[in-house]
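Colleague: After the structure tokens below, expect a handful of questions from me.
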Amino acid sequence: MKQYVTKRILSAIPLLIIISFVCFVFINLIPSDPAEVALRVRQVPIITDEAIAEVRAQLGLDKPYLVRYFSWLLDCLHGDFGISYVNPTRTVAGELMRCLPATLQLAGVSFVMVIVLSLPIGFLCAVYKDGWFDKIMRALVFMTTAMPAYWVGLLLMWLVSIKLDLLPTSGNGTLKHLILPSFTVSLSYISTYIRLIRNNMLENMKQDYVLYANVRGLPSRSILVKHILKNSMHTCIVAIGMSIPQLISGTIVVENVFAWPGLGTLCISSIFNRDYPVIQTYVLLIGVLFVVFNLVFDILQTVSDPRMRKEGA
Amino acid sequence: MRTETLSVEERAGQKPVVRVEDLRVSLKKRHKQTELVKEVSFEVYPGECLGILGESGSGKSMSVKAMLGILDKNFAVSGNAWFEEKNLIKESKETLRSIRGSKIAVVLQNPMTCFDPLYRIGNQMAETFATHTDWKKEEIFRRSVEILERMKIRNPEEVLAKYPHQLSGGMLQRIMIGIAMALKPALLIADEPTTAIDAITQHEILEEFIRIKQEHQTAMIFITHDLGAISRVADRLIVMNSGEVVDRGDFQHILHHASDSYTRLLVEKRAEVMKKYRESIHGHQEVCHD
Amino acid sequence: MERRFLQNKTAMVTVAIVLLTALAGIFAPVLAPHDPYEADIMNKFAGFSAQYPLGTDNLGRCILSRMIYGIRPTLGLAVLTMLGTIGLGALMGLLAGYFRGIPEEVIMRTVDVMLSFPSQIMVFAVVALLGINVQNVILANVFIKWAWYARMIRTGVMQYRDRNFVQFSRCVGMPERFILVRHLVPSIAADLAVLASLDVGWAIINISTLSFLGLGVQAPTPEWGAMLNEAKNVLTSNPTQMIVPGVAIVILVSAFNLMGDALRDVLDPKEVDR
């Protein structure tokens, strides 16, 4: 068991290195010269070739590629991601930290919504397979997979905020502000997981252990909840957990619709302003989150399965 | 190697434990109806073992499942299955559920997959007993240990704390039989109990069924496609092919006077295999018939 | 197969929707009642009328004409994306399956890395790197999606290269390249068709999302996502502006999704008679 966990953690390291390297290469591929940018950031009036050469040496840009990569990586590990091109008084880390809470709030509430809505609905769909509830839900699930998130956001904003005047259209601060954006973010995940849970439960229902539980005369409620649901939850929770980074990155579009001052809005405006260090750090952050969450939930899945737990012991 | 059979006279005074009449099962799908079981009738007397022989897909398991009410709503079941003054086909789901596992117990094939992998053996035994009895926790534990001991399982306390994947198929099969017999059922149904396990364990499991029959006088339905296994436990046979009963009688009758061509084919195949087997073991000189 | 196709109503209807949409896009100049760029400022936000069947937008442009012309970038770019994705994926997958050894290792490890990145972020990263431009949007989408196809096609190659009929052809002395193309393509074409038609729907949503954010097709060009971006600005005063493009996207994407499912039924007879 321990061996497995160690092996799994070690296997994630090359991936993290590749991701960081790609992010590093990314900023070096852009057409503008970092030294020139740095000079502009310092508001040097006339940019001469000597000045550029000087700054190059200063920033270590004249050093070999790999050396620069490692010093950059070291800086990143210390939480130093450089300064924003657009707003030289601000550090990238500071910018991200400013926007992170709003995004985490949004992603957190969305995550709760995904769990709270998709689990019971998926469960009921499986139990009453081909009943009216299942049919309606399946139609809705099908519809939502064909609807772009931003359009759903616009529709909800118009219906709930403008027409019914129940919730604010944009901005953040209160719980009321959170409801529409997080529902929009969670909607596509909800439909994915309704389908996942439903199909997983139906698959489990065909298993021998369910037949055996049935012939032993166990009450159907107990078979459903204690056996089938628990077995499906196992797979589904892991899948939902692994999708958390996707949920965080999925806020980009919705934040834009609802003017939510989070990482997504920052990312989009950085793209428009060519603020490369911010984009680079954002991609790095999401990439690392992706690997870490995959790792954690993969290990969790293994640890929580008795079949795996005992083997190594 | 055949156990004593009740003669016809003895049987005349007895009521069958279960009597199935004209059982039909069909599968409804869209607008099509496929008949899977047609006009199946049989009865099982106390202390008797009825063998149902047939290939997979011949409807043998389906008939029993229909009787127990565990087919889903896509299947239409008609006919009668009399058990203790009750018609199982017409009874409510709840009544059937309370009969299953207590008065009618079932042993399935694939013991390795029949237990929920996420729960310990003890837990799964306990939930069965908690459903059908009002035993307290301590009593359930005491009885579970007893059952395992009776099934000749060493260190029963330890086994109760194990997960299914930690035990062998033979052990799980014995536990399954133990659970089935724990509540002294009037009818024991064994659905291909020897198919998924290795030959040596198969032998032990068969011995177990023979012992149960002799000791408890439990009526038994033994479903299999294995002529060898059925010859050792069953007193009477019915042969099923594509949902119909094509032949019935005792083992000798089936072996030598099968009226149905399909049954004869089954028997011949078996005889051929046995001949080859003996040839390879003893050489040519000792070839003999069953 | 043709008969099964004709019997499958979903397949027929969805293919019809897709074909009609594509034809409408191709013949847009003939079908559209107005010039999609022609502003009739006196008639802005007009309702449904004989002159403007679907009304007009904030500059008084005919929405129906813009919708019809919008098929070109919306559907066209999605199809182009899929062609690029399948092309690149097929090339990489065939190379990996055909050469084995070091090239295969390199390609498949790259695929693994690609698949372990969150795709949405990659699109934004690529667009940010290359600049805001329609061409780059397609490149970005191809870039994040090719790995799926490469993996699928390589698996196909691995499965088929050891099949009897392929080995037979090899024994008879046919060049391996010929064998692969001749036997492999038909055998994975079914899977490919199903996956591709599901992914066109995905591409439509993705590209329109980028246009909506202003990172894809730019403002005056009639594209459904870009039209929704404009509609967003007048959401409070003229909410009906967002109905037509949105509904159109949903219908077209649904058609592709349903078509994928129907194609699976048509192409895989085992599934139908189950």
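Ordering of the structure tokens sets the chain letters (A, B, ...); residue numbers start at 1 within each chain; ligands are numbered from 1 in the order shown.
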Within 8 Å of Ala262 of chain C, counting only C-alpha atoms, which residues qualify if same-chain residues fewer than 2 places away don't, as a ChimeraX atom specification?

Modeller: /C:8,10-11,258-260,264-266

Colleague: Compute the set of chain C residues within 6 Å of chain A, using only C-alpha atoms, and express it as a list in words.

Modeller: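 Per the criterion, chain C yields Ala128, Ile205, Val250, Val253 and Ser254 of chain C.
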
Colleague: Using only C-alpha atoms, what table do you get, as CSV, when you list each residue of chain B with an atom no more than 6 Å from chain A, its nearest pair of atoms, and their distance in Å rounded to one decimal, rows by chain then rising number?

Modeller:
```
residue,atom,partner,partner_atom,distance
B:Arg97,CA,A:Gly217,CA,4.7
B:Ser98,CA,A:Gly217,CA,5.9
B:Arg100,CA,A:Gly217,CA,4.7
B:Gly101,CA,A:Arg216,CA,3.9
B:Thr113,CA,A:Asp208,CA,5.8
B:Cys114,CA,A:Tyr209,CA,4.0
B:Phe115,CA,A:Tyr209,CA,5.0
B:Asp116,CA,A:Tyr209,CA,5.4
```

Colleague: As a ChimeraX atom specification, list the residues of segment 114-239 of chain C assigned to helix (DSSP H, G or I) by DSSP on the backbone atoms of this structure.

Modeller: /C:114-115,119-130,134-161,164-172,176-212,224-233,239

Colleague: Compile the contact shell of segment 68-81 of chain A as a list in words: residues with an atom at most 10 Å away, counting only C-alpha atoms, same-chain residues fewer than 4 positions apart removed.

Modeller: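 Selected residues are Ile17, Ser20, Phe21, Phe24, Val25, Leu59, Gly60, Leu61, Asp62, Lys63, Pro64, Thr91, Val92, Ala93, Gly94, Leu96, Pro277, Val278, Gln280, Thr281 and Leu284 of chain A.
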
Colleague: Nearest to Val25 of chain B among B:Ile147, B:Tyr119, B:Gly243, B:Tyr45, with distances taken over only C-alpha atoms: which residue is it?

Modeller: B:Gly243
